[in-house]
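Note: the block below is final-v3.cif and it holds mmCIF, C-alpha atoms.
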data_model
loop_
_atom_site.group_PDB
_atom_site.id
_atom_site.type_symbol
_atom_site.label_atom_id
_atom_site.label_comp_id
_atom_site.auth_asym_id
_atom_site.auth_seq_id
_atom_site.Cartn_x
_atom_site.Cartn_y
_atom_site.Cartn_z
ATOM 1 C CA MET A 23 -8.623 -15.009 -12.007
ATOM 2 C CA ALA A 24 -10.321 -12.474 -14.278
ATOM 3 C CA GLY A 25 -8.688 -9.075 -13.982
ATOM 4 C CA TRP A 26 -5.230 -10.398 -13.125
ATOM 5 C CA VAL A 27 -2.503 -9.821 -15.670
ATOM 6 C CA GLN A 28 1.002 -11.178 -15.877
ATOM 7 C CA ASP A 29 3.459 -8.292 -15.559
ATOM 8 C CA GLY A 30 7.052 -9.480 -15.838
ATOM 9 C CA ASP A 31 7.552 -12.065 -13.079
ATOM 10 C CA ALA A 32 4.363 -11.118 -11.217
ATOM 11 C CA LEU A 33 0.569 -11.339 -11.274
ATOM 12 C CA VAL A 34 -0.975 -7.884 -10.998
ATOM 13 C CA ARG A 35 -4.521 -6.693 -10.489
ATOM 14 C CA GLN A 36 -5.923 -3.225 -9.978
ATOM 15 C CA PHE A 37 -9.002 -2.675 -7.788
ATOM 16 C CA GLU A 38 -11.068 0.484 -7.504
ATOM 17 C CA HIS A 39 -13.162 1.290 -4.431
ATOM 18 C CA LYS A 40 -15.633 4.008 -3.644
ATOM 19 C CA ASP A 41 -13.281 5.886 -1.340
ATOM 20 C CA PHE A 42 -10.102 5.670 0.708
ATOM 21 C CA ALA A 43 -11.836 4.019 3.680
ATOM 22 C CA ALA A 44 -13.205 1.254 1.451
ATOM 23 C CA ALA A 45 -9.784 0.795 -0.128
ATOM 24 C CA MET A 46 -8.190 0.449 3.327
ATOM 25 C CA ALA A 47 -10.858 -2.045 4.453
ATOM 26 C CA PHE A 48 -10.052 -4.129 1.370
ATOM 27 C CA VAL A 49 -6.311 -3.869 2.021
ATOM 28 C CA ASN A 50 -6.780 -5.130 5.581
ATOM 29 C CA LYS A 51 -8.739 -8.145 4.319
ATOM 30 C CA VAL A 52 -5.987 -8.876 1.800
ATOM 31 C CA ALA A 53 -3.412 -8.502 4.600
ATOM 32 C CA ASP A 54 -5.285 -11.094 6.694
ATOM 33 C CA LEU A 55 -5.270 -13.538 3.767
ATOM 34 C CA ALA A 56 -1.575 -12.852 3.208
ATOM 35 C CA GLU A 57 -0.762 -13.589 6.836
ATOM 36 C CA GLU A 58 -2.798 -16.807 6.759
ATOM 37 C CA ALA A 59 -0.946 -17.912 3.647
ATOM 38 C CA ASN A 60 2.392 -16.547 4.886
ATOM 39 C CA HIS A 61 2.712 -15.081 1.396
ATOM 40 C CA HIS A 62 2.806 -11.306 1.102
ATOM 41 C CA PRO A 63 1.917 -9.348 -1.995
ATOM 42 C CA ASP A 64 3.125 -5.863 -2.706
ATOM 43 C CA ILE A 65 0.173 -3.555 -2.072
ATOM 44 C CA LEU A 66 -0.080 -0.065 -3.538
ATOM 45 C CA ILE A 67 -2.872 2.246 -2.364
ATOM 46 C CA HIS A 68 -3.025 5.178 -4.759
ATOM 47 C CA GLY A 69 -5.261 7.846 -6.201
ATOM 48 C CA CYS A 70 -7.261 7.837 -2.929
ATOM 49 C CA ASN A 71 -9.396 4.809 -3.781
ATOM 50 C CA LYS A 72 -7.350 2.417 -5.897
ATOM 51 C CA VAL A 73 -5.365 -0.635 -4.835
ATOM 52 C CA ARG A 74 -2.837 -2.492 -6.954
ATOM 53 C CA LEU A 75 -1.764 -5.954 -5.813
ATOM 54 C CA THR A 76 1.435 -7.517 -7.137
ATOM 55 C CA LEU A 77 1.905 -11.235 -6.457
ATOM 56 C CA SER A 78 5.175 -13.039 -7.014
ATOM 57 C CA THR A 79 7.197 -15.759 -5.334
ATOM 58 C CA HIS A 80 10.574 -14.076 -5.064
ATOM 59 C CA SER A 81 12.349 -17.226 -3.891
ATOM 60 C CA LYS A 82 11.288 -18.906 -7.144
ATOM 61 C CA GLY A 83 11.771 -15.879 -9.379
ATOM 62 C CA GLY A 84 8.235 -15.829 -10.693
ATOM 63 C CA VAL A 85 4.578 -16.725 -10.323
ATOM 64 C CA THR A 86 3.823 -20.007 -8.556
ATOM 65 C CA ASP A 87 0.817 -21.888 -7.200
ATOM 66 C CA LYS A 88 1.103 -19.791 -4.013
ATOM 67 C CA ASP A 89 0.371 -16.674 -6.059
ATOM 68 C CA HIS A 90 -2.551 -18.213 -7.901
ATOM 69 C CA ALA A 91 -3.977 -19.495 -4.608
ATOM 70 C CA LEU A 92 -3.767 -16.066 -2.989
ATOM 71 C CA ALA A 93 -5.244 -14.396 -6.074
ATOM 72 C CA ASP A 94 -8.172 -16.828 -5.900
ATOM 73 C CA ARG A 95 -8.757 -16.007 -2.246
ATOM 74 C CA VAL A 96 -8.611 -12.262 -2.941
ATOM 75 C CA ASP A 97 -11.134 -12.727 -5.743
ATOM 76 C CA GLN A 98 -13.517 -14.292 -3.220
ATOM 77 C CA LEU A 99 -13.474 -11.227 -0.960
ATOM 78 C CA MET B 14 11.150 15.804 8.298
ATOM 79 C CA ALA B 15 14.354 13.769 8.353
ATOM 80 C CA GLY B 16 14.158 10.845 5.962
ATOM 81 C CA TRP B 17 11.772 12.521 3.522
ATOM 82 C CA VAL B 18 13.122 13.262 0.072
ATOM 83 C CA GLN B 19 11.684 15.288 -2.757
ATOM 84 C CA ASP B 20 11.032 12.976 -5.705
ATOM 85 C CA GLY B 21 9.643 14.888 -8.676
ATOM 86 C CA ASP B 22 6.465 16.594 -7.496
ATOM 87 C CA ALA B 23 6.203 14.540 -4.292
ATOM 88 C CA LEU B 24 7.674 14.017 -0.836
ATOM 89 C CA VAL B 25 8.716 10.396 -0.349
ATOM 90 C CA ARG B 26 9.863 8.417 2.648
ATOM 91 C CA GLN B 27 10.626 4.749 3.076
ATOM 92 C CA PHE B 28 9.963 2.988 6.387
ATOM 93 C CA GLU B 29 11.138 -0.463 7.422
ATOM 94 C CA HIS B 30 9.337 -2.531 10.063
ATOM 95 C CA LYS B 31 10.124 -5.809 11.738
ATOM 96 C CA ASP B 32 7.510 -7.752 9.810
ATOM 97 C CA PHE B 33 4.391 -7.517 7.678
ATOM 98 C CA ALA B 34 2.064 -7.192 10.679
ATOM 99 C CA ALA B 35 4.049 -4.229 12.005
ATOM 100 C CA ALA B 36 4.049 -2.645 8.540
ATOM 101 C CA MET B 37 0.263 -3.022 8.316
ATOM 102 C CA ALA B 38 -0.215 -1.538 11.808
ATOM 103 C CA PHE B 39 1.829 1.468 10.702
ATOM 104 C CA VAL B 40 -0.153 1.778 7.467
ATOM 105 C CA ASN B 41 -3.418 1.825 9.405
ATOM 106 C CA LYS B 42 -2.128 4.630 11.637
ATOM 107 C CA VAL B 43 -1.073 6.593 8.556
ATOM 108 C CA ALA B 44 -4.513 5.944 7.036
ATOM 109 C CA ASP B 45 -6.188 7.377 10.156
ATOM 110 C CA LEU B 46 -4.043 10.526 9.917
ATOM 111 C CA ALA B 47 -4.846 10.790 6.206
ATOM 112 C CA GLU B 48 -8.573 10.559 6.853
ATOM 113 C CA GLU B 49 -8.349 13.195 9.602
ATOM 114 C CA ALA B 50 -6.482 15.498 7.246
ATOM 115 C CA ASN B 51 -8.619 14.529 4.237
ATOM 116 C CA HIS B 52 -5.316 14.234 2.408
ATOM 117 C CA HIS B 53 -4.324 10.818 1.131
ATOM 118 C CA PRO B 54 -0.803 9.718 0.361
ATOM 119 C CA ASP B 55 0.060 6.897 -1.970
ATOM 120 C CA ILE B 56 1.091 3.971 0.211
ATOM 121 C CA LEU B 57 3.206 1.079 -1.039
ATOM 122 C CA ILE B 58 3.691 -1.978 1.183
ATOM 123 C CA HIS B 59 6.481 -4.062 -0.309
ATOM 124 C CA GLY B 60 9.174 -6.593 0.450
ATOM 125 C CA CYS B 61 6.982 -7.918 3.311
ATOM 126 C CA ASN B 62 7.992 -5.257 5.839
ATOM 127 C CA LYS B 63 8.639 -1.996 4.013
ATOM 128 C CA VAL B 64 6.298 0.943 3.473
ATOM 129 C CA ARG B 65 6.866 3.807 1.044
ATOM 130 C CA LEU B 66 4.743 6.915 1.453
ATOM 131 C CA THR B 67 4.385 9.407 -1.393
ATOM 132 C CA LEU B 68 2.845 12.774 -0.517
ATOM 133 C CA SER B 69 1.732 15.275 -3.117
ATOM 134 C CA THR B 70 -1.115 17.725 -3.618
ATOM 135 C CA HIS B 71 -2.318 16.739 -7.068
ATOM 136 C CA SER B 72 -4.689 19.700 -7.362
ATOM 137 C CA LYS B 73 -1.678 22.005 -6.963
ATOM 138 C CA GLY B 74 0.738 19.896 -8.988
ATOM 139 C CA GLY B 75 3.298 19.549 -6.247
ATOM 140 C CA VAL B 76 4.208 19.567 -2.577
ATOM 141 C CA THR B 77 2.248 21.970 -0.365
ATOM 142 C CA ASP B 78 1.821 22.736 3.323
ATOM 143 C CA LYS B 79 -0.741 19.914 3.494
ATOM 144 C CA ASP B 80 1.992 17.446 2.577
ATOM 145 C CA HIS B 81 4.479 18.841 5.072
ATOM 146 C CA ALA B 82 1.806 18.803 7.795
ATOM 147 C CA LEU B 83 0.950 15.157 7.121
ATOM 148 C CA ALA B 84 4.632 14.213 6.970
ATOM 149 C CA ASP B 85 5.123 15.839 10.372
ATOM 150 C CA ARG B 86 2.220 13.890 11.835
ATOM 151 C CA VAL B 87 3.533 10.627 10.394
ATOM 152 C CA ASP B 88 6.936 11.363 11.908
ATOM 153 C CA GLN B 89 5.268 11.633 15.319
ATOM 154 C CA LEU B 90 3.826 8.102 15.109
#

Just dump the structure as structure tokens.
Amino acid sequence: MAGWVQDGDALVRQFEHKDFAAAMAFVNKVADLAEEANHHPDILIHGCNKVRLTLSTHSKGGVTDKDHALADRVDQL
Amino acid sequence: MAGWVQDGDALVRQFEHKDFAAAMAFVNKVADLAEEANHHPDILIHGCNKVRLTLSTHSKGGVTDKDHALADRVDQL
């Protein structure tokens, strides 16, 4: 979970890739994990090569085990 | 260009899709257009099925023809 920070009611982590194509490849892997988990982060692709993921369980109003589990899976990519 | 609004130094448009998979398919098409144009918008996937695109030419400090051209191509998707 290194690199993730609590920001309000969400877990947030910023990733930097070598270029836009690498950032998109990463985003597609995250999207696959999100679909498997049926738990969808907010994903911001910005500055050409950066990706910010924001994990929260809106139905619970904050960070839950579902968010930690998805963060763990993202960290294993 | 309907649906695009000027927001500060950027052109912004929000898109809503039927689900996360449809939003991701759209994002990948936008990413292909961005790579072709070598001009990369900020892309926010949020609320499971929504995509917000933010177009700006940072080197020029605002919206240029490159942004309008990419917006037009996105509108043709």

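For A:Ile65, the non-local neighbours within 8 Å, defined as residues at least 3 positions apart in the same chain or in other chains and counting all atoms listed in the file, are Val49, Val73, Arg74, Leu75 and Thr76 of chain A; Ile56, Leu57, Ile58 and His59 of chain B.
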
Inset, instruction - Find the residues in chain A near chain B: any atom within 9 Å counts, using all atoms listed in the file. Write them as an MDAnalysis selection string. - result: chainID A and resid 42:43 46 50 53 57 61:70

Would you output that residue set with C-alpha atoms, as a CSV table (one decimal), keeping the file's coordinate frame?
chain,number,residue,atom,x,y,z
A,42,PHE,CA,-10.1,5.7,0.7
A,43,ALA,CA,-11.8,4.0,3.7
A,46,MET,CA,-8.2,0.4,3.3
A,50,ASN,CA,-6.8,-5.1,5.6
A,53,ALA,CA,-3.4,-8.5,4.6
A,57,GLU,CA,-0.8,-13.6,6.8
A,61,HIS,CA,2.7,-15.1,1.4
A,62,HIS,CA,2.8,-11.3,1.1
A,63,PRO,CA,1.9,-9.3,-2.0
A,64,ASP,CA,3.1,-5.9,-2.7
A,65,ILE,CA,0.2,-3.6,-2.1
A,66,LEU,CA,-0.1,-0.1,-3.5
A,67,ILE,CA,-2.9,2.2,-2.4
A,68,HIS,CA,-3.0,5.2,-4.8
A,69,GLY,CA,-5.3,7.8,-6.2
A,70,CYS,CA,-7.3,7.8,-2.9

Quick one: chain A onto chain B, least squares on all Cα paired in order, result as a PDB file with C-alpha atoms, keeping the file's coordinate frame?
ATOM      1  CA  MET A  23      11.160  15.833   8.281  1.00  0.00           C
ATOM      2  CA  ALA A  24      14.365  13.787   8.340  1.00  0.00           C
ATOM      3  CA  GLY A  25      14.144  10.844   5.974  1.00  0.00           C
ATOM      4  CA  TRP A  26      11.773  12.518   3.521  1.00  0.00           C
ATOM      5  CA  VAL A  27      13.127  13.262   0.077  1.00  0.00           C
ATOM      6  CA  GLN A  28      11.690  15.288  -2.752  1.00  0.00           C
ATOM      7  CA  ASP A  29      11.029  12.982  -5.704  1.00  0.00           C
ATOM      8  CA  GLY A  30       9.656  14.888  -8.684  1.00  0.00           C
ATOM      9  CA  ASP A  31       6.464  16.601  -7.493  1.00  0.00           C
ATOM     10  CA  ALA A  32       6.207  14.539  -4.297  1.00  0.00           C
ATOM     11  CA  LEU A  33       7.679  14.009  -0.833  1.00  0.00           C
ATOM     12  CA  VAL A  34       8.714  10.390  -0.360  1.00  0.00           C
ATOM     13  CA  ARG A  35       9.862   8.423   2.651  1.00  0.00           C
ATOM     14  CA  GLN A  36      10.634   4.751   3.067  1.00  0.00           C
ATOM     15  CA  PHE A  37       9.960   2.986   6.386  1.00  0.00           C
ATOM     16  CA  GLU A  38      11.130  -0.463   7.417  1.00  0.00           C
ATOM     17  CA  HIS A  39       9.331  -2.529  10.058  1.00  0.00           C
ATOM     18  CA  LYS A  40      10.118  -5.792  11.745  1.00  0.00           C
ATOM     19  CA  ASP A  41       7.508  -7.755   9.821  1.00  0.00           C
ATOM     20  CA  PHE A  42       4.392  -7.519   7.679  1.00  0.00           C
ATOM     21  CA  ALA A  43       2.057  -7.186  10.679  1.00  0.00           C
ATOM     22  CA  ALA A  44       4.043  -4.220  12.000  1.00  0.00           C
ATOM     23  CA  ALA A  45       4.053  -2.651   8.544  1.00  0.00           C
ATOM     24  CA  MET A  46       0.256  -3.019   8.321  1.00  0.00           C
ATOM     25  CA  ALA A  47      -0.224  -1.543  11.814  1.00  0.00           C
ATOM     26  CA  PHE A  48       1.827   1.466  10.703  1.00  0.00           C
ATOM     27  CA  VAL A  49      -0.152   1.775   7.467  1.00  0.00           C
ATOM     28  CA  ASN A  50      -3.428   1.824   9.403  1.00  0.00           C
ATOM     29  CA  LYS A  51      -2.135   4.624  11.640  1.00  0.00           C
ATOM     30  CA  VAL A  52      -1.074   6.589   8.563  1.00  0.00           C
ATOM     31  CA  ALA A  53      -4.516   5.933   7.036  1.00  0.00           C
ATOM     32  CA  ASP A  54      -6.195   7.376  10.153  1.00  0.00           C
ATOM     33  CA  LEU A  55      -4.050  10.520   9.909  1.00  0.00           C
ATOM     34  CA  ALA A  56      -4.838  10.774   6.201  1.00  0.00           C
ATOM     35  CA  GLU A  57      -8.566  10.567   6.851  1.00  0.00           C
ATOM     36  CA  GLU A  58      -8.350  13.196   9.598  1.00  0.00           C
ATOM     37  CA  ALA A  59      -6.483  15.505   7.250  1.00  0.00           C
ATOM     38  CA  ASN A  60      -8.616  14.529   4.244  1.00  0.00           C
ATOM     39  CA  HIS A  61      -5.305  14.239   2.405  1.00  0.00           C
ATOM     40  CA  HIS A  62      -4.325  10.812   1.126  1.00  0.00           C
ATOM     41  CA  PRO A  63      -0.803   9.707   0.359  1.00  0.00           C
ATOM     42  CA  ASP A  64       0.064   6.893  -1.974  1.00  0.00           C
ATOM     43  CA  ILE A  65       1.093   3.963   0.217  1.00  0.00           C
ATOM     44  CA  LEU A  66       3.205   1.075  -1.044  1.00  0.00           C
ATOM     45  CA  ILE A  67       3.686  -1.984   1.175  1.00  0.00           C
ATOM     46  CA  HIS A  68       6.485  -4.059  -0.312  1.00  0.00           C
ATOM     47  CA  GLY A  69       9.178  -6.579   0.460  1.00  0.00           C
ATOM     48  CA  CYS A  70       7.002  -7.922   3.318  1.00  0.00           C
ATOM     49  CA  ASN A  71       7.991  -5.264   5.849  1.00  0.00           C
ATOM     50  CA  LYS A  72       8.631  -2.002   4.022  1.00  0.00           C
ATOM     51  CA  VAL A  73       6.301   0.938   3.465  1.00  0.00           C
ATOM     52  CA  ARG A  74       6.864   3.795   1.047  1.00  0.00           C
ATOM     53  CA  LEU A  75       4.733   6.914   1.457  1.00  0.00           C
ATOM     54  CA  THR A  76       4.379   9.398  -1.395  1.00  0.00           C
ATOM     55  CA  LEU A  77       2.845  12.772  -0.516  1.00  0.00           C
ATOM     56  CA  SER A  78       1.725  15.271  -3.116  1.00  0.00           C
ATOM     57  CA  THR A  79      -1.110  17.727  -3.603  1.00  0.00           C
ATOM     58  CA  HIS A  80      -2.323  16.744  -7.049  1.00  0.00           C
ATOM     59  CA  SER A  81      -4.691  19.702  -7.352  1.00  0.00           C
ATOM     60  CA  LYS A  82      -1.686  22.012  -6.954  1.00  0.00           C
ATOM     61  CA  GLY A  83       0.743  19.928  -8.991  1.00  0.00           C
ATOM     62  CA  GLY A  84       3.302  19.562  -6.243  1.00  0.00           C
ATOM     63  CA  VAL A  85       4.203  19.567  -2.569  1.00  0.00           C
ATOM     64  CA  THR A  86       2.250  21.973  -0.363  1.00  0.00           C
ATOM     65  CA  ASP A  87       1.816  22.740   3.329  1.00  0.00           C
ATOM     66  CA  LYS A  88      -0.748  19.905   3.486  1.00  0.00           C
ATOM     67  CA  ASP A  89       1.997  17.440   2.579  1.00  0.00           C
ATOM     68  CA  HIS A  90       4.479  18.838   5.066  1.00  0.00           C
ATOM     69  CA  ALA A  91       1.808  18.794   7.785  1.00  0.00           C
ATOM     70  CA  LEU A  92       0.951  15.155   7.117  1.00  0.00           C
ATOM     71  CA  ALA A  93       4.633  14.199   6.968  1.00  0.00           C
ATOM     72  CA  ASP A  94       5.123  15.843  10.370  1.00  0.00           C
ATOM     73  CA  ARG A  95       2.221  13.892  11.834  1.00  0.00           C
ATOM     74  CA  VAL A  96       3.536  10.620  10.388  1.00  0.00           C
ATOM     75  CA  ASP A  97       6.941  11.372  11.894  1.00  0.00           C
ATOM     76  CA  GLN A  98       5.278  11.627  15.309  1.00  0.00           C
ATOM     77  CA  LEU A  99       3.835   8.108  15.104  1.00  0.00           C
TER      78      LEU A  99
END

Show me, as a PDB file with C-alpha atoms, in the frame of the given file, the residues that have an atom within 10 Å of A:Arg35 when counting all atoms listed in the file, minus same-chain residues fewer than 3 positions from it.
ATOM      1  CA  MET A  23      -8.623 -15.009 -12.007  1.00  0.00           C
ATOM      2  CA  ALA A  24     -10.321 -12.474 -14.278  1.00  0.00           C
ATOM      3  CA  GLY A  25      -8.688  -9.075 -13.982  1.00  0.00           C
ATOM      4  CA  TRP A  26      -5.230 -10.398 -13.125  1.00  0.00           C
ATOM      5  CA  VAL A  27      -2.503  -9.821 -15.670  1.00  0.00           C
ATOM      6  CA  GLN A  28       1.002 -11.178 -15.877  1.00  0.00           C
ATOM      7  CA  ASP A  29       3.459  -8.292 -15.559  1.00  0.00           C
ATOM      8  CA  ALA A  32       4.363 -11.118 -11.217  1.00  0.00           C
ATOM      9  CA  VAL A  73      -5.365  -0.635  -4.835  1.00  0.00           C
ATOM     10  CA  ARG A  74      -2.837  -2.492  -6.954  1.00  0.00           C
ATOM     11  CA  LEU A  75      -1.764  -5.954  -5.813  1.00  0.00           C
ATOM     12  CA  THR A  76       1.435  -7.517  -7.137  1.00  0.00           C
ATOM     13  CA  LEU A  77       1.905 -11.235  -6.457  1.00  0.00           C
ATOM     14  CA  ALA A  93      -5.244 -14.396  -6.074  1.00  0.00           C
TER      15      ALA A  93
END

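Relative to atom CA of A:Leu33, atom CA of B:Glu29 is found at 24.1 Å.
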
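Atom to atom, atom CA of A:Ser78 and atom CA of A:Asp31 stand 6.6 Å apart.
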
What box, with edges along x, y and z, holds each listed atom of stretch 57-68 of chain B when 6 Å is added on every side, and can you state its centre and edge lengths in Å to one decimal, as lines of an AutoDock Vina configuration file?
center_x = 6.0
center_y = 2.4
center_z = 2.2
size_x = 18.3
size_y = 32.7
size_z = 19.2

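Selection result for the displayed file, with the PyMOL selection byres ((chain B and resi 86) around 10) as criterion, is Met14, Val43, Leu46, Ala47, Ala50, Asp80, His81, Ala82, Leu83, Ala84, Asp85, Val87, Asp88, Gln89 and Leu90 of chain B.
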
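What separates atom CA of A:Gly30 from atom CA of A:Ser81 is a distance of 15.2 Å.
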